[in-house]
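Heads up: the structure comes next, in structure tokens.
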Amino acid sequence: MSIFRFFHRKKELKEEIESHLKMATADRVARGESPYDARRAAVREFGNVPLVADVTRERWGWLRLERLTQDVQFAARQLRRTPVFTITVLLTLALGIGANAAIFTLVNSVLLKDLPVADPKMLVHVGNDGQDCCVGTVNPRDNGNYSNFPTETYEQLKKNVPEFEELAAMQAGFTYRPVIARRDGVQTAARSVMGEFVSGNYFRTFGLQPSAGRLLMDADDVKGAAPAAVMSYATWQHDFAGDPSIIGGTFWVNTKPVTVVGVAPRGFYGDRMTNTPPDFYLPIETLPSLENVPYVDDPSMVWLYIIGRVKPGVAMGPLQEKVNAVLRQSFSTQKIFSTEDGKKQLLRVHATLTPGGAGIETLQENYGAHLRLLMWISGLVLLIACANIANLLLVRGMGRRTEMSLRSALGAMRSRIVRQLLTESVLLAGVGGLLGLAVAYAGTRMLLLLAFPGDQNVPIHAAPSLEVIGFAFALSMVTGILFGVAPAWISAQAKPADALRTGARTTASGTSMLQRTLVILQAALSLVLLVGAGLFSQSLNKLQSSDLKLDSRNRYIVHINPQAAGYSQTKLEALYRTMEDRFHALPGVVKVGIANYTPMEDNNWSNGIGVQGHPEIHGSASFIKANADYLESVGTKIVMGRGIDVRDTSTAPAVTVVNQTFVKHFFNGENPIGRRIGSPNSAGDFEIVGVVEDTTYTDVRWKDHSMFFVPIMQRYASDKTPIEEDMSLYAGAIVIETERPMNDMEKLAQTTLASINPNLTVVKFQTFDEQIADRFTEERMIARLTMLFGALALLLATIGLYGVTAYSVEQRTPEIGIRMALGAERTGVVGMVMRGALIQTSLGLALGIPVAVLCVRYVKSLLYEITSADARVMMGAIITLAVAACIAGIIPARRAASIDPARALRAD
Amino acid sequence: MRDTSSETAGLARNIQLPELICQFSQKGVDSLHVDVEGLQPMATKSKYQNRIELMQGTLDMLILKTLQWGEQHGYGISQSIRASSCEVLQVETGSLYPALHRLERQGWVTSEWKQSESNQRAKFYKITKLGKEQLASDYERWGKMVATIEGIMTAKRGDA
């Protein structure tokens with residue numbers, strides 16, 4: 001029976017009964033009774049009309065639903081009658097559940113989700129370190145652990161480990177190497193986009209189907225094959241509005257023609273989670289021609305990640321052994337592993353097989369610790385929220401004892417009363433859960449904005465998944481039912497007569513032990529969270545206020561990619577000269593620095609160092625290639641000798657400038673001017689001509705960072721490889737210093753570069769300050785979130801304390817009335833109420849302080865130069881909590897003091 | 001057909017009641033209120049000294065029997081049972097309507113809205129083929145039970 005049919009029949013039954021009554025009345029009138037009497041007698045004879053209707057409807061089996069509707073309606077009415085209570089509970093639930101669901105959404109999509117590929121459980125990642133990145137040489141490593149491999153090793157693994165059904169390889173550092181792409185024939189500017197170079201079986205390994213055209217095949221990934229590319233679905237939709245003519249069309253990638261053969265499936269964001277997923281997937285073998293890089297065919301260069309699909313039933317243990325054996329075999333041909341020492345090192349070489357369903361987990365490794373911390377914090381907030389709701393429901397349940405007694409005295413069944421109270425709390429929980437989801441959605445969006453500011457392509461969605469919705473609802477229901485049942489049960493147990501009688505005066509303290517315990521717990525937990533918030537803000541402060549030994553005022557960083565624009569190494573010197581001239585010609589420009597990378601960006605190039613005459617000195621230092629203006633343009637001060645200047649051309653004697661840490665590390669602090677350094681094999685390549693301050697590169701946490709600066713066109717004198725293979729000649733950034741802030745610098749940079757060559761696009765433009773601020777994004781997010789959660793916890797705890805105190809005042813109104821009638825001062829009453837509130841807070845503090853001190857240990861690794869909660873943070877948290885407690889206490893205390901004794905005594 | 005001076009007579013004519021010979025006078029025996037559901041509250045219960053609680057099947061049987069003589073509405077059924085029991089059995093509405101709706105759900109009766117003889121719109125119930133079969137089997141069971149109970153009640157000591 002449908003619900004409409006039900007209501008129709010309900011109406012029909014009413015008519016049927018009415019017709020019965022009319023006929024009975026008519027019969028009576030016919031017998032001579034007056035119409036009025038007849039009707040009355042007929043109704044009396046009929047009996048209880050609604051009851052008869054009820055029992056009859058019960059025959060249809062729909063009464064349960066009807067009762068439920070009644071209960072829900074009644075509950076809604078009850079909740080509307082007490083808006084403060086309802087709003088408080090709903091807000092608490094919404095915030096508590098919302099915060100948790102938001103964090104859980106993020107955790108779920110970042111840490112727990114597999115790639116959107118076929119059967120991700122069968123994927124195995126050969127390696128376990130997403131930080132082992134980009135491009136490097138196969139050097140012996142202390143732990144022998146490799147996650148990044150040469151092309152040749154990949155080929156050998158593919159051939160010799162048949163346990164892999166498919167074994168795919170992918171460029172490790174594609175996010176650091178954008179390509180420049182322009183659609184053929186369309187009058188649009190070339191744009192810097194993400195291109196990932198992958199093996200021909202990449203898409204087959206993931207078991208994917210194209211959403212248009214075809215995907216890459218083995219035939220695309222051979223030398224001499226026509227350059228092919230697969231576009232990502234998101235790029236196809238967002239940048240080209242799903243234009244079908246893209247498929248089969250030509251794009252100019254790094255100035256070379258490439259055919260787009262198809263579009264990757266919808267939702268596929270590549271083999272790893274990143275804020276810059278690939279726009280194009282290109283075959284590995286096209287990399288040398290497209291990017292002019294030498295490492296693809298060099299067995300001594302690592303640059304590939306490997307993910308394979310294992311055949312069913314393959315055991316991991318033996319597979320691991322086999323992979324390691326092939327790996328050692330492959331590395332053994334390298335010169336560095338064939339020396340006496342190298343052979344020992346070779347025994348340690350291994351790759352750790354890990355589940356590959358989630359792809360390369362660089363982001364997961366980066367964010368994991370912080371996400372887990374956030375989960376703990378939001379869990380604590382939820383605990384506080386639950387305690388609050390428990391408290392409020394308890395208070396409400398107790399307060400309604402009289403009402404319940406009256407209702408059961410009037411004949412309401414106990415089970416019905418319990419059911420009604422339960423309906424009320426479930427309704428509250430349900431609505432709270434819904435609101436919580438809304439908060440979760442907004443919260444996740446906010447989290448994503450905080451975590452990845454300015455990125456639109458993050459493959460994480462703010463919409464809570466089914467799991468999260470289920471989680472949120474289960475949570476709210478459990479809370480509602482758990483804390484709705486207790487007062488319902490207590491109310492139902494009450495003997496009506498007793499309860500109605502004892503509505504009179506009593507000196508009972510009013511609040512139960514349980515409620516006080518909950519409040520103390522809340523205070524303790526919020527202290528812990530407040531201390532946490534203090535610590536993380538302090539950590540962020542320390543990070544941001546640390547002296548970077550640079551000058552970011554009126555500086556702009558323009559990232560460029562001359563290699564992708566088609567410049568060969570031999571053309572670079574002229575290009576840099578042109579760039580210097582053109583930018584200097586702009587009014588207001590003071591300095592034009594050119595370097596491979598700049599301070600405080602996510603990049604680093606380390607080289608092994610040899611010191612002439614001291615073969616015993618080992619070590620490595622970061623390598624910066626720079627032009628004459630560079631050091632001044634970033635504000636690095638020269639402390640000794642000279643900087644790089646215009647005389648240091650490709651043909652001039654090779655020189656270098658080192659930083660103070662370099663001097664400390666390699667020269668024991670002695671004057672290094674005139675000394676020579678180079679690679680470990682050829683230690684005399686560069687003469688040191690100057691020493692500069694330790695400007696911070698890469699990360700504030702990188703202390704004792706040795707660096708050496710070399711004129712951009714100069715090379716290691718011993719380097720006999722052709723200039724065409726020297727990647728270090730390519731600049732990555734222009735640093736422009738101006739006299740005053742120039743808001744149009746981005747546009748100016750674009751037009752200036754385009755006037756040199758239309759393919760010279762701006763890869764990324766930021767002010768120096770923005771670039772520096774970006775390096776603190778994660779810390780800032782954590783500091784803000786711990787602050788937010790701390791505030792939330794404090795708010796909830798304050799509401800809890802207020803609720804309990806206010807309730808106790810209400811319960812004690814007659815008692816306070818008597819006290820005041822007997823001469824108690826108003827200040828005394830205020831003191832009495834406040835004492836109660838403050839005692840609970842103090843107990844909370846006593847419990848919370850040691851817990852907070854203990855907790856610092858577990859988050860120490862996430863903090864910057866903070867090892868314990870110092871007095872300032874501690875006092876700050878304690879004072880904040882105490883002030884909140886005073887506010888929560890003073891409102892009910894003042895109400896207690898304003899009780900009119902006469903009225904209080906007359907009440908009840 | 002419009003003779004409403006005596007409802008019993010009118011009804012009897014209308015539904016073609018068989019001739020009834022009332023064995024007990026109205027004054028001699030109090031009316032018995034048939035109540036299957038036990039709905040009447042305590043306060044009213046005490047007023048009716050002669051409330052009998054029939055088994056559910058029995059009321060069903062009486063209703064089906066009444067409907068065998070022709071389709072009838074709820075009020076008519078209660079009046080008819082009352083008349084044919086010589087004013088002894090009074091079916092409580094609180095039992096009658098639930099029973100009717102139950103019978104309808106089981107498919108033993110069907111219902112239809114029609115104008116009554118007094119020009120009142122009413123819901124008329126009609127026995128179905130299934131209902132007739134049910135009535136026959138109910139009646140057979142009833143007969144057996146009455147005989148059995150009668151046997152117990154009239155048994156003499158030592159007979160066994």
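To be explicit about the labels: the chains of the structure tokens are called A, B, and onward in the order shown, and within each one the residues are counted from 1, while ligands get numbers from 1 in the order they are shown.
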
Please identify all residues of chain A having at least one atom at most 12 Å from any atom of chain B, considering only C-alpha atoms, and return them as a PyMOL selection string. chain A and resi 1+9+12-32+42-61+411

For range 112-114 of chain A, please output as a PyMOL selection string all residues within 9 Å (counting only C-alpha atoms; exclusion window: fewer than 6 positions along the same chain). chain A and resi 120-121+356-359

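Residues within 8 Å of Arg555 in chain A, counting only C-alpha atoms and excluding same-chain residues fewer than 4 positions away, are Ser633, Val634, Val735, Ile736, Glu737, Thr738, Thr767, Phe768 and Asp769 of chain A.
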
Which of range 84-172 of chain A fall in strand (DSSP E or B), as number ranges by chain: A: 123-126, 136-137, 145, 149, 164-171

Which polymer residues have any atom within 8 Å of an atom of range 138-141 of chain B, counting only C-alpha atoms, with same-chain residues fewer than 3 positions away left out, as a list in words? Gly57, Thr58, Met61, Gln134, Leu135, Lys144 and Met145 of chain B

Find the spatial neighbours of range 875-885 of chain A, counting only C-alpha atoms, within a cut-off of 9 Å - ignore same-chain residues fewer than 4 positions away - and output them as a list in words. Ala523, Ser526, Leu527, Val528, Leu529, Leu530, Val531, Ala533, Gly534, Leu794, Leu795, Ala797, Thr798, Leu801, Tyr802, Ala837, Leu838, Thr841, Ser842, Leu845, Ile849, Asp870, Ala871, Gly889 and Ile890 of chain A

Per residue of range 369-392 of chain A within 12 Å of range 444-466 of chain A, note the shortest atom pair and the distance in Å to one decimal, counting only C-alpha atoms, and order the rows by chain and increasing residue number, as JSON lines.
```
{"residue": "A:His370", "atom": "CA", "partner": "A:Ala451", "partner_atom": "CA", "distance": 11.0}
{"residue": "A:Leu371", "atom": "CA", "partner": "A:Leu447", "partner_atom": "CA", "distance": 10.9}
{"residue": "A:Leu374", "atom": "CA", "partner": "A:Leu447", "partner_atom": "CA", "distance": 11.0}
```

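Nearest residue to Arg328 in chain A, choosing from A:Leu347, A:Ile723, A:Ile677, A:Leu392 and counting only C-alpha atoms: A:Leu347.
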
Within 12 Å of Ala754 in chain A, counting only C-alpha atoms, which residues show up once you throw out same-chain ones fewer than 4 positions away? Write them as JSON, numbers by chain, please. {"A": [189, 190, 191, 560, 562, 565, 579, 582, 747, 748, 749, 750, 758, 759, 760, 761, 762]}

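Across the structure, CA of Ala118 in chain A and CA of Gly249 in chain A are spaced 28.5 Å apart.
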
What gap, in Å, lies between CA of Ala94 in chain A and CA of Phe536 in chain A? 25.4 Å

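If you measure from each of A:Arg647, A:Arg894, A:Arg407, A:Lys720 to Gly831 in chain A using only C-alpha atoms, the closest one turns out to be A:Arg894.
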
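Within the 12 Å cut-off around Asn671 in chain A, using only C-alpha atoms and omitting residues fewer than 5 positions from it on the same chain, the listed residues are A:Val639, A:Met640, A:Gly641, A:Val658, A:Asn659, A:Gln660, A:Phe662, A:Val663, A:Lys664, A:Phe666, A:Arg676, A:Ile688, A:Val689, A:Gly690, A:Val691.
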
How would you write, as a PyMOL selection string, the set of residues in range 759-877 of chain A that DSSP gives as helix (DSSP H, G or I)? chain A and resi 768-774+777-811+813-821+826-862+871-877

Correct to one decimal, the distance CA of Gly800 in chain A-CA of Val426 in chain A is 20.4 Å

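Shortest atom-to-atom contact with Arg740 in chain A among A:Ile557, A:Pro587, A:Phe149, A:Thr276: A:Pro587, counting only C-alpha atoms.
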